[in-house]
>>> print(open('structure_13.cif').read())   # mmCIF, C-alpha atoms
data_protein
#
loop_
_atom_site.label_atom_id
_atom_site.label_comp_id
_atom_site.auth_asym_id
_atom_site.auth_seq_id
_atom_site.Cartn_x
_atom_site.Cartn_y
_atom_site.Cartn_z
CA MET L 1 52.25 -25.16 -15.45
CA GLY L 2 54.42 -22.84 -13.45
CA ASP L 3 57.31 -24.13 -15.53
CA VAL L 4 56.94 -21.46 -18.19
CA GLY L 5 60.28 -19.76 -18.63
CA ALA L 6 62.34 -22.82 -17.79
CA GLU L 7 65.04 -24.05 -20.20
CA PRO L 8 63.69 -24.79 -23.67
CA GLU L 9 63.55 -28.54 -24.15
CA GLU L 10 64.76 -30.41 -27.17
CA THR L 11 62.42 -32.62 -29.12
CA GLY L 12 63.14 -36.26 -28.54
CA LYS L 13 65.94 -35.98 -26.01
CA ASN L 14 66.90 -39.40 -24.60
CA GLY L 15 65.98 -40.84 -28.01
CA SER L 16 62.35 -41.14 -27.05
CA ILE L 17 59.44 -39.07 -28.25
CA SER L 18 56.67 -38.35 -25.80
CA LEU L 19 53.40 -38.41 -27.60
CA LEU L 20 50.08 -36.74 -27.03
CA VAL L 21 47.42 -38.66 -28.93
CA VAL L 22 44.05 -37.05 -29.46
CA ALA L 23 41.37 -39.73 -29.37
CA GLY L 24 38.13 -38.24 -30.52
CA SER L 25 35.12 -40.37 -31.02
CA GLY L 26 34.40 -43.58 -32.83
CA GLY L 27 36.10 -43.79 -36.19
CA HIS L 28 38.66 -41.14 -35.35
CA THR L 29 39.86 -43.19 -32.41
CA THR L 30 40.04 -46.40 -34.39
CA GLU L 31 42.13 -44.67 -37.06
CA VAL L 32 44.51 -42.87 -34.76
CA LEU L 33 45.09 -46.05 -32.75
CA ARG L 34 46.09 -47.88 -35.94
CA LEU L 35 48.77 -45.23 -36.37
CA VAL L 36 49.90 -45.46 -32.75
CA GLU L 37 50.06 -49.24 -33.05
CA SER L 38 52.53 -48.92 -35.94
CA LEU L 39 54.92 -46.67 -34.01
CA SER L 40 57.92 -48.16 -32.28
CA LEU L 41 58.31 -48.08 -28.50
CA ALA L 42 60.63 -45.07 -28.95
CA TYR L 43 57.38 -43.09 -29.01
CA SER L 44 56.93 -43.16 -25.28
CA PRO L 45 55.27 -42.27 -23.00
CA ARG L 46 51.93 -41.95 -24.77
CA HIS L 47 49.37 -39.57 -23.33
CA TYR L 48 45.85 -40.00 -24.65
CA VAL L 49 43.32 -37.22 -24.47
CA ILE L 50 39.66 -38.13 -24.87
CA ALA L 51 36.63 -35.89 -25.26
CA ASP L 52 34.68 -36.67 -22.13
CA THR L 53 31.43 -37.76 -23.73
CA ASP L 54 33.09 -40.63 -25.49
CA LYS L 55 32.59 -44.13 -24.11
CA MET L 56 34.29 -46.51 -26.49
CA SER L 57 37.66 -44.78 -26.87
CA GLU L 58 39.05 -45.53 -23.44
CA ASP L 59 38.38 -49.24 -23.82
CA LYS L 60 40.01 -49.28 -27.26
CA ILE L 61 43.08 -47.48 -25.89
CA ARG L 62 43.47 -49.90 -23.00
CA THR L 63 43.15 -52.86 -25.36
CA LEU L 64 45.88 -51.45 -27.62
CA GLU L 65 48.20 -50.53 -24.77
CA THR L 66 47.88 -53.96 -23.20
CA SER L 67 49.11 -55.56 -26.40
CA LYS L 68 51.76 -52.89 -26.99
CA ASN L 69 53.30 -53.10 -23.53
CA GLY L 70 53.16 -56.87 -23.29
CA MET L 71 54.51 -58.08 -19.97
CA ASP L 72 55.97 -54.68 -19.12
CA VAL L 73 54.81 -53.84 -15.60
CA GLN L 74 55.43 -50.09 -15.92
CA PRO L 75 52.58 -48.60 -17.90
CA LYS L 76 53.92 -46.18 -20.53
CA PHE L 77 50.66 -44.38 -21.08
CA THR L 78 48.19 -42.07 -19.40
CA ILE L 79 44.60 -41.17 -20.24
CA HIS L 80 43.08 -37.71 -19.81
CA HIS L 81 39.63 -36.29 -20.41
CA ILE L 82 38.67 -32.82 -21.61
CA PRO L 83 35.28 -31.37 -22.56
CA ARG L 84 34.24 -32.05 -26.10
CA SER L 85 34.74 -29.25 -28.64
CA ARG L 86 31.95 -30.04 -30.98
CA GLU L 87 29.20 -32.60 -30.93
CA VAL L 88 27.98 -34.00 -34.20
CA ARG L 89 25.00 -31.83 -35.21
CA GLN L 90 26.10 -28.90 -33.03
CA SER L 91 25.89 -25.53 -34.82
CA TRP L 92 29.18 -23.87 -35.69
CA SER L 93 28.48 -20.70 -33.71
CA SER L 94 27.93 -22.57 -30.46
CA SER L 95 30.95 -24.70 -31.46
CA VAL L 96 33.11 -21.60 -31.04
CA LEU L 97 32.07 -21.29 -27.39
CA THR L 98 32.61 -24.94 -26.57
CA THR L 99 35.97 -24.86 -28.37
CA LEU L 100 37.05 -21.92 -26.19
CA ASN L 101 35.93 -23.90 -23.17
CA ALA L 102 37.98 -26.88 -24.39
CA LEU L 103 40.97 -24.55 -24.79
CA LEU L 104 40.72 -23.64 -21.10
CA TYR L 105 41.21 -27.29 -20.28
CA SER L 106 43.75 -27.98 -23.04
CA VAL L 107 46.35 -25.38 -22.11
CA PRO L 108 47.03 -26.55 -18.53
CA LEU L 109 47.00 -30.18 -19.63
CA VAL L 110 49.45 -29.71 -22.52
CA PHE L 111 51.69 -27.49 -20.38
CA LYS L 112 51.80 -30.21 -17.75
CA LEU L 113 52.43 -33.11 -20.13
CA ARG L 114 54.85 -31.22 -22.42
CA PRO L 115 54.70 -33.72 -25.26
CA ASP L 116 57.31 -33.76 -28.04
CA MET L 117 54.57 -34.42 -30.54
CA VAL L 118 50.82 -34.07 -30.84
CA LEU L 119 49.28 -36.70 -33.10
CA CYS L 120 45.71 -36.19 -34.21
CA ASN L 121 43.35 -37.00 -37.02
CA GLY L 122 40.52 -34.57 -36.92
CA PRO L 123 38.10 -34.71 -34.01
CA GLY L 124 37.16 -31.14 -32.99
CA THR L 125 39.02 -31.63 -29.72
CA CYS L 126 42.35 -31.68 -31.54
CA VAL L 127 42.28 -27.98 -32.49
CA PRO L 128 42.52 -26.57 -28.94
CA LEU L 129 45.11 -29.21 -28.04
CA CYS L 130 47.27 -28.34 -31.05
CA VAL L 131 46.88 -24.63 -30.30
CA ALA L 132 48.05 -25.32 -26.74
CA GLY L 133 51.05 -27.20 -28.16
CA LEU L 134 51.89 -24.29 -30.45
CA LEU L 135 51.63 -21.95 -27.48
CA LEU L 136 54.37 -23.92 -25.73
CA GLY L 137 56.56 -23.24 -28.76
CA ALA L 138 55.57 -19.59 -29.01
CA LEU L 139 56.52 -19.07 -25.37
CA GLY L 140 59.91 -20.64 -26.01
CA VAL L 141 59.24 -23.48 -23.59
CA LYS L 142 59.36 -26.29 -26.05
CA LYS L 143 58.90 -26.95 -29.74
CA VAL L 144 55.96 -29.31 -30.04
CA LEU L 145 55.61 -31.08 -33.38
CA ILE L 146 52.06 -31.11 -34.71
CA VAL L 147 51.33 -34.17 -36.82
CA TYR L 148 47.93 -34.22 -38.40
CA VAL L 149 46.53 -37.17 -40.35
CA GLU L 150 43.35 -36.34 -42.21
CA SER L 151 40.77 -39.06 -41.75
CA ILE L 152 40.46 -41.63 -44.50
CA CYS L 153 36.81 -40.62 -44.79
CA ARG L 154 37.97 -37.33 -46.34
CA VAL L 155 38.29 -38.05 -50.04
CA GLU L 156 37.56 -34.68 -51.65
CA THR L 157 37.34 -32.08 -48.89
CA LEU L 158 39.21 -31.44 -45.65
CA SER L 159 37.41 -31.56 -42.31
CA LEU L 160 36.95 -28.32 -40.39
CA SER L 161 39.83 -29.31 -38.10
CA GLY L 162 41.91 -30.15 -41.16
CA LYS L 163 41.26 -26.77 -42.78
CA ILE L 164 42.47 -25.03 -39.62
CA LEU L 165 45.42 -27.29 -38.91
CA TYR L 166 46.64 -27.46 -42.53
CA HIS L 167 48.31 -24.12 -41.86
CA LEU L 168 49.52 -24.95 -38.36
CA SER L 169 50.89 -28.49 -38.49
CA ASP L 170 54.45 -29.60 -39.16
CA TYR L 171 53.33 -32.69 -41.06
CA PHE L 172 49.89 -32.85 -42.60
CA PHE L 173 48.98 -36.25 -44.06
CA VAL L 174 46.14 -36.91 -46.48
CA GLN L 175 45.09 -40.37 -47.63
CA TRP L 176 43.62 -39.79 -51.07
CA SER L 177 45.47 -38.29 -54.01
CA THR L 178 42.55 -35.95 -54.82
CA LEU L 179 43.32 -34.08 -51.59
CA LYS L 180 47.06 -33.96 -52.26
CA ASP L 181 46.28 -32.22 -55.56
CA LYS L 182 44.19 -29.60 -53.77
CA TYR L 183 46.54 -29.16 -50.81
CA PRO L 184 50.13 -29.27 -52.10
CA ARG L 185 51.74 -28.80 -48.66
CA SER L 186 50.24 -32.09 -47.54
CA VAL L 187 52.05 -35.43 -47.39
CA TYR L 188 50.55 -38.28 -49.40
CA ILE L 189 52.10 -41.72 -49.00
CA GLY L 190 49.00 -43.76 -49.83
CA ARG L 191 46.48 -45.02 -47.34
CA ILE L 192 48.06 -45.32 -43.91
CA VAL L 193 45.16 -46.60 -41.81
CA MET P 1 23.16 -69.53 -38.03
CA LYS P 2 23.15 -66.95 -40.83
CA THR P 3 23.62 -63.62 -39.07
CA VAL P 4 23.39 -59.91 -39.84
CA PHE P 5 25.30 -57.49 -37.65
CA VAL P 6 24.17 -53.86 -37.58
CA THR P 7 26.46 -51.24 -36.05
CA VAL P 8 25.96 -47.50 -35.51
CA GLY P 9 29.29 -46.72 -33.80
CA THR P 10 29.61 -44.33 -30.86
CA THR P 11 26.73 -41.99 -31.67
CA SER P 12 23.13 -42.90 -32.42
CA PHE P 13 21.25 -43.72 -35.60
CA ASP P 14 17.72 -44.59 -34.50
CA GLU P 15 16.40 -44.36 -38.03
CA LEU P 16 18.65 -47.23 -39.11
CA ILE P 17 17.64 -49.41 -36.16
CA GLU P 18 13.95 -48.68 -36.85
CA SER P 19 14.38 -49.38 -40.57
CA ILE P 20 16.21 -52.68 -40.19
CA THR P 21 13.71 -53.97 -37.62
CA SER P 22 10.71 -52.92 -39.72
CA GLU P 23 8.43 -55.65 -41.02
CA GLU P 24 9.51 -55.14 -44.65
CA ALA P 25 13.24 -55.27 -43.90
CA THR P 26 12.81 -58.26 -41.59
CA GLN P 27 10.95 -60.13 -44.32
CA ALA P 28 13.66 -59.29 -46.84
CA LEU P 29 16.32 -60.64 -44.46
CA SER P 30 14.34 -63.83 -43.80
CA ALA P 31 13.93 -64.34 -47.56
CA LEU P 32 17.74 -64.22 -47.85
CA GLY P 33 18.03 -66.93 -45.21
CA TYR P 34 19.15 -64.78 -42.29
CA LYS P 35 18.06 -66.13 -38.89
CA LYS P 36 19.75 -63.81 -36.46
CA LEU P 37 19.98 -60.02 -36.18
CA VAL P 38 22.59 -58.49 -33.87
CA LEU P 39 22.22 -54.74 -33.26
CA GLN P 40 24.77 -52.36 -31.77
CA VAL P 41 22.63 -49.28 -31.11
CA GLY P 42 25.07 -46.91 -29.35
CA ARG P 43 23.44 -43.94 -27.67
CA GLY P 44 20.20 -44.39 -29.57
CA SER P 45 16.81 -44.34 -27.88
CA VAL P 46 15.68 -47.55 -29.61
CA LEU P 47 16.79 -50.83 -28.01
CA PRO P 48 14.73 -53.63 -29.60
CA GLY P 49 13.85 -56.68 -27.52
CA PRO P 50 14.68 -60.30 -28.44
CA ASP P 51 11.24 -60.96 -29.94
CA SER P 52 10.79 -57.69 -31.78
CA CYS P 53 11.18 -59.16 -35.27
CA ALA P 54 9.09 -62.10 -36.46
CA GLY P 55 11.24 -64.89 -37.85
CA LEU P 56 14.55 -63.44 -36.59
CA LEU P 57 16.38 -63.89 -33.32
CA VAL P 58 17.27 -60.36 -32.19
CA HIS P 59 20.11 -59.43 -29.88
CA ALA P 60 20.58 -55.72 -29.20
CA PHE P 61 23.23 -53.99 -27.11
CA ARG P 62 24.60 -50.47 -26.77
CA PHE P 63 28.39 -50.71 -26.54
CA LYS P 64 31.12 -53.29 -26.20
CA ASP P 65 34.88 -53.09 -25.76
CA SER P 66 35.26 -54.64 -29.16
CA ILE P 67 32.79 -55.53 -31.87
CA ALA P 68 35.41 -57.58 -33.73
CA GLU P 69 33.75 -60.83 -32.72
CA ASP P 70 30.31 -59.67 -33.82
CA ILE P 71 31.75 -58.69 -37.20
CA ARG P 72 33.60 -61.98 -37.54
CA ASP P 73 30.47 -63.99 -36.68
CA ALA P 74 28.33 -62.08 -39.19
CA ASP P 75 27.57 -63.09 -42.76
CA LEU P 76 26.58 -59.52 -43.57
CA VAL P 77 27.51 -56.29 -41.82
CA ILE P 78 25.21 -53.29 -42.07
CA SER P 79 26.94 -50.17 -40.82
CA HIS P 80 26.68 -46.42 -40.53
CA ALA P 81 29.22 -44.69 -42.78
CA GLY P 82 31.78 -44.09 -40.01
CA ALA P 83 35.29 -44.85 -41.18
CA GLY P 84 36.12 -46.99 -38.15
CA SER P 85 33.18 -49.33 -38.58
CA CYS P 86 33.59 -49.52 -42.37
CA LEU P 87 37.29 -50.28 -42.13
CA GLU P 88 36.78 -52.85 -39.39
CA ALA P 89 34.18 -54.71 -41.44
CA LEU P 90 36.19 -54.50 -44.66
CA GLY P 91 39.34 -55.48 -42.80
CA ALA P 92 37.53 -58.60 -41.54
CA LYS P 93 36.55 -59.30 -45.17
CA ARG P 94 32.85 -59.20 -44.45
CA PRO P 95 30.28 -58.12 -47.05
CA LEU P 96 29.32 -54.60 -46.07
CA LEU P 97 26.22 -52.54 -46.67
CA VAL P 98 26.67 -48.94 -45.56
CA VAL P 99 23.59 -46.94 -44.68
CA VAL P 100 24.23 -43.22 -45.01
CA ASN P 101 22.65 -40.91 -42.46
CA ASP P 102 21.46 -38.07 -44.68
CA LYS P 103 20.37 -36.04 -41.64
CA LEU P 104 23.88 -35.28 -40.41
CA MET P 105 24.91 -31.60 -40.58
CA ASP P 106 28.19 -32.14 -42.37
CA ASN P 107 27.62 -35.24 -44.38
CA HIS P 108 31.21 -35.82 -45.42
CA GLN P 109 30.73 -39.51 -44.68
CA LEU P 110 29.25 -39.77 -48.15
CA GLU P 111 32.67 -39.08 -49.63
CA LEU P 112 34.17 -42.27 -48.28
CA ALA P 113 31.11 -44.43 -48.85
CA LYS P 114 30.88 -43.20 -52.45
CA GLN P 115 34.58 -43.76 -53.11
CA LEU P 116 34.56 -47.25 -51.59
CA HIS P 117 31.38 -47.99 -53.48
CA ALA P 118 32.93 -46.71 -56.72
CA ASP P 119 35.85 -49.06 -56.05
CA SER P 120 33.36 -51.93 -55.47
CA HIS P 121 34.30 -52.54 -51.84
CA LEU P 122 30.83 -52.02 -50.38
CA LEU P 123 27.19 -51.43 -51.15
CA TYR P 124 25.48 -48.33 -49.92
CA CYS P 125 22.02 -46.92 -49.47
CA THR P 126 19.97 -44.68 -47.20
CA CYS P 127 17.34 -45.73 -44.65
CA SER P 128 14.57 -45.09 -47.19
CA THR P 129 16.16 -47.45 -49.75
CA LEU P 130 17.33 -50.09 -47.25
CA THR P 131 14.60 -52.67 -47.84
CA GLU P 132 14.83 -52.32 -51.60
CA THR P 133 18.61 -52.72 -51.42
CA LEU P 134 18.31 -55.87 -49.29
CA ARG P 135 15.89 -57.35 -51.83
CA THR P 136 18.04 -56.68 -54.88
CA MET P 137 21.65 -56.67 -53.64
CA ASP P 138 24.31 -58.87 -55.20
CA LEU P 139 27.16 -59.40 -52.74
CA SER P 140 29.25 -61.27 -55.31
CA VAL P 141 30.21 -58.01 -57.05
CA LEU P 142 32.20 -56.85 -54.02
CA THR P 143 36.00 -56.89 -54.17
CA PRO P 144 38.39 -57.09 -51.19
CA PHE P 145 39.69 -53.85 -49.71
CA LEU P 146 43.41 -54.01 -49.06
CA PRO P 147 44.41 -52.63 -45.67
CA GLY P 148 46.24 -49.30 -45.35
CA GLN P 149 49.94 -49.29 -44.51
CA PRO P 150 50.48 -47.60 -41.12
CA GLN P 151 54.08 -48.83 -41.18
CA ASN P 152 54.74 -46.32 -43.98
CA PHE P 153 53.55 -43.59 -41.64
CA ALA P 154 55.84 -44.91 -38.89
CA ARG P 155 58.81 -45.06 -41.29
CA PHE P 156 58.14 -41.51 -42.51
CA LEU P 157 58.04 -40.15 -38.96
CA ASP P 158 61.15 -42.07 -37.86
CA ARG P 159 63.04 -40.53 -40.76
CA ALA P 160 61.63 -37.06 -40.26
CA LEU P 161 62.62 -37.15 -36.58
CA GLY P 162 65.98 -38.77 -37.18
CA LEU P 163 65.10 -41.80 -35.11
CA HIS P 164 67.22 -44.81 -35.86
CA THR P 165 65.34 -48.01 -35.51
CA GLU P 166 67.15 -51.31 -35.69
#
>>> encode(input="structure_13.cif", output="structure tokens")
Amino acid sequence: MGDVGAEPEETGKNGSISLLVVAGSGGHTTEVLRLVESLSLAYSPRHYVIADTDKMSEDKIRTLETSKNGMDVQPKFTIHHIPRSREVRQSWSSSVLTTLNALLYSVPLVFKLRPDMVLCNGPGTCVPLCVAGLLLGALGVKKVLIVYVESICRVETLSLSGKILYHLSDYFFVQWSTLKDKYPRSVYIGRIV
Amino acid sequence: MKTVFVTVGTTSFDELIESITSEEATQALSALGYKKLVLQVGRGSVLPGPDSCAGLLVHAFRFKDSIAEDIRDADLVISHAGAGSCLEALGAKRPLLVVVNDKLMDNHQLELAKQLHADSHLLYCTCSTLTETLRTMDLSVLTPFLPGQPQNFARFLDRALGLHTE
């Protein structure tokens, strides 16, 4: 923080794209890591943000990064934790409060990391992080690309995060043609996880 | 040793763990020749002991860095409907029975399970129909699920961002 008002930064200067990856819980993490795995090393460094009640995600990330970096001694990734936006089974009204709480943590984190791109696939945590990224753009600090990939488990309807971020993302991927028909702004290039 | 691996992912699904370790389900598994039951129970409150099912060797744990080995060693995977677990089991070409948790608030998981079932990639049921499904299932009707193509995603992004990869 404290850097607000500095020179606007260009996306992908130096030919590398710094990435903020939202790792949610369980299946979301597995899916988003498949996407990260496919990206070239130009997408570096990679900052992972995990909802802090999740146990498995951090291990999965470290496993992936170990194989991605190979013998490279300089780690090109960091891992951060923020409070979870919405637990499975939590009511939507109390979700609003916890999402606001998550936003309080997301803004300073995103302003510090200043990613070129936020990549997410639907855990509740991704909404405040994307909003924080958009705020960087709105303040003229930096244009942050929002790339949203709707989970493969969404065949006919978008997730709550998807419904919100459909209007806010730069690239919005869906993985079933039924969704592409309903949401024409989306990108459908087959199953990608 | 013919093995069943049950996985509930990162959350909990006590009803599944209770159903699969019930006397009826255990008998159905034994009748199919299964000798070993491996249970990944996540944050659930039920953690069955090694001798909790007559006729089956039971091994239960909460979490592991990777369940890839458990999937690979299994002759049948029984999973919650989470995309990660489903895709991991299908990716490892293991016969998969998905048990849908009909008590979840937003039961979108059904969408994927139904679609993959319609495409003959898995069998699915609920906890209340689990034993019946085990008794009558025919795994030979299942067809392989081809993996998704994340490299197409990578190519799309490279182009969109004007990155030139060699």
>>> closest_residue(input="structure_13.cif", among="L:Ser18, L:Ser94, L:Ser40, L:Thr78", to="chain P", atoms="only C-alpha atoms")
L:Ser40
>>> closest_residue(input="structure_13.cif", among="L:Glu37, L:Ser93, L:Val49, L:Ile82", to="Thr66 of chain L", atoms="all atoms listed in the file")
L:Glu37
>>> interface_residues(input="structure_13.cif", of="chain L", to="chain P", cutoff="7 Å", atoms="only C-alpha atoms", output="NGL selection string")
:L and (25-28 or 30-31 or 34-35 or 38-39 or 56 or 59-60 or 89 or 152-156 or 191-193)
>>> closest_residue(input="structure_13.cif", among="P:Thr3, P:Asp51, P:Ile17, P:Tyr124", to="Tyr34 of chain P", atoms="only C-alpha atoms")
P:Thr3
>>> atom_distance(input="structure_13.cif", atom1="atom CA of His117 of chain P", atom2="atom CA of Phe145 of chain P")
10.8 Å
>>> closest_residue(input="structure_13.cif", among="L:Val96, L:Leu104, L:Val149, L:Leu41", to="Phe77 of chain L", atoms="all atoms listed in the file")
L:Leu41
>>> resolve_selection(input="structure_13.cif", expression="the PyMOL selection byres ((chain L and resi 173) around 12)", output="JSON, numbers by chain")
{"L": [35, 119, 120, 121, 122, 146, 147, 148, 149, 150, 151, 152, 154, 158, 162, 165, 166, 169, 170, 171, 172, 174, 175, 176, 177, 179, 180, 183, 184, 185, 186, 187, 188, 189, 190, 191, 192, 193], "P": [150, 152, 153, 156, 157]}
>>> resolve_selection(input="structure_13.cif", expression="the PyMOL selection byres ((chain P and resi 41) around 7)", output="PDB file with C-alpha atoms, in the coordinates of the input")
ATOM      1  CA  THR P   7      26.460 -51.240 -36.050  1.00  0.00           C
ATOM      2  CA  VAL P   8      25.960 -47.500 -35.510  1.00  0.00           C
ATOM      3  CA  SER P  12      23.130 -42.900 -32.420  1.00  0.00           C
ATOM      4  CA  LEU P  39      22.220 -54.740 -33.260  1.00  0.00           C
ATOM      5  CA  GLN P  40      24.770 -52.360 -31.770  1.00  0.00           C
ATOM      6  CA  GLY P  42      25.070 -46.910 -29.350  1.00  0.00           C
ATOM      7  CA  ARG P  43      23.440 -43.940 -27.670  1.00  0.00           C
ATOM      8  CA  GLY P  44      20.200 -44.390 -29.570  1.00  0.00           C
ATOM      9  CA  LEU P  47      16.790 -50.830 -28.010  1.00  0.00           C
ATOM     10  CA  PHE P  61      23.230 -53.990 -27.110  1.00  0.00           C
ATOM     11  CA  ARG P  62      24.600 -50.470 -26.770  1.00  0.00           C
TER      12      ARG P  62
END
>>> resolve_selection(input="structure_13.cif", expression="the PyMOL selection byres ((chain P and resi 77) around 9)", output="list in words")
Thr3, Val4, Phe5, Val6, Thr7, Ile71, Ala74, Asp75, Leu76, Ile78, Ser79, Ala89, Arg94, Pro95, Leu96, Leu97 and Val98 of chain P
>>> closest_residue(input="structure_13.cif", among="L:Leu168, L:Val32, L:Leu20, L:Leu136", to="Met117 of chain L", atoms="all atoms listed in the file")
L:Leu20
>>> atom_distance(input="structure_13.cif", atom1="atom CA of Ser45 of chain P", atom2="atom CA of Lys2 of chain P")
26.8 Å
>>> atom_distance(input="structure_13.cif", atom1="atom CA of Ile50 of chain L", atom2="atom CA of Val100 of chain P")
25.9 Å
>>> residues_near_point(input="structure_13.cif", point="(21.8, -59.0, -32.2)", cutoff="6 Å", atoms="only C-alpha atoms", output="list in words")
Leu37, Val38, Leu39, Val58, His59 and Ala60 of chain P
>>> closest_residue(input="structure_13.cif", among="P:Glu24, P:Val99, P:Ala92, P:Leu134", to="Glu69 of chain P", atoms="all atoms listed in the file")
P:Ala92
>>> residues_near_point(input="structure_13.cif", point="(52.9, -21.4, -29.4)", cutoff="12 Å", atoms="all atoms listed in the file", output="ChimeraX atom specification")
/L:4,107,110-111,128-146,168-169
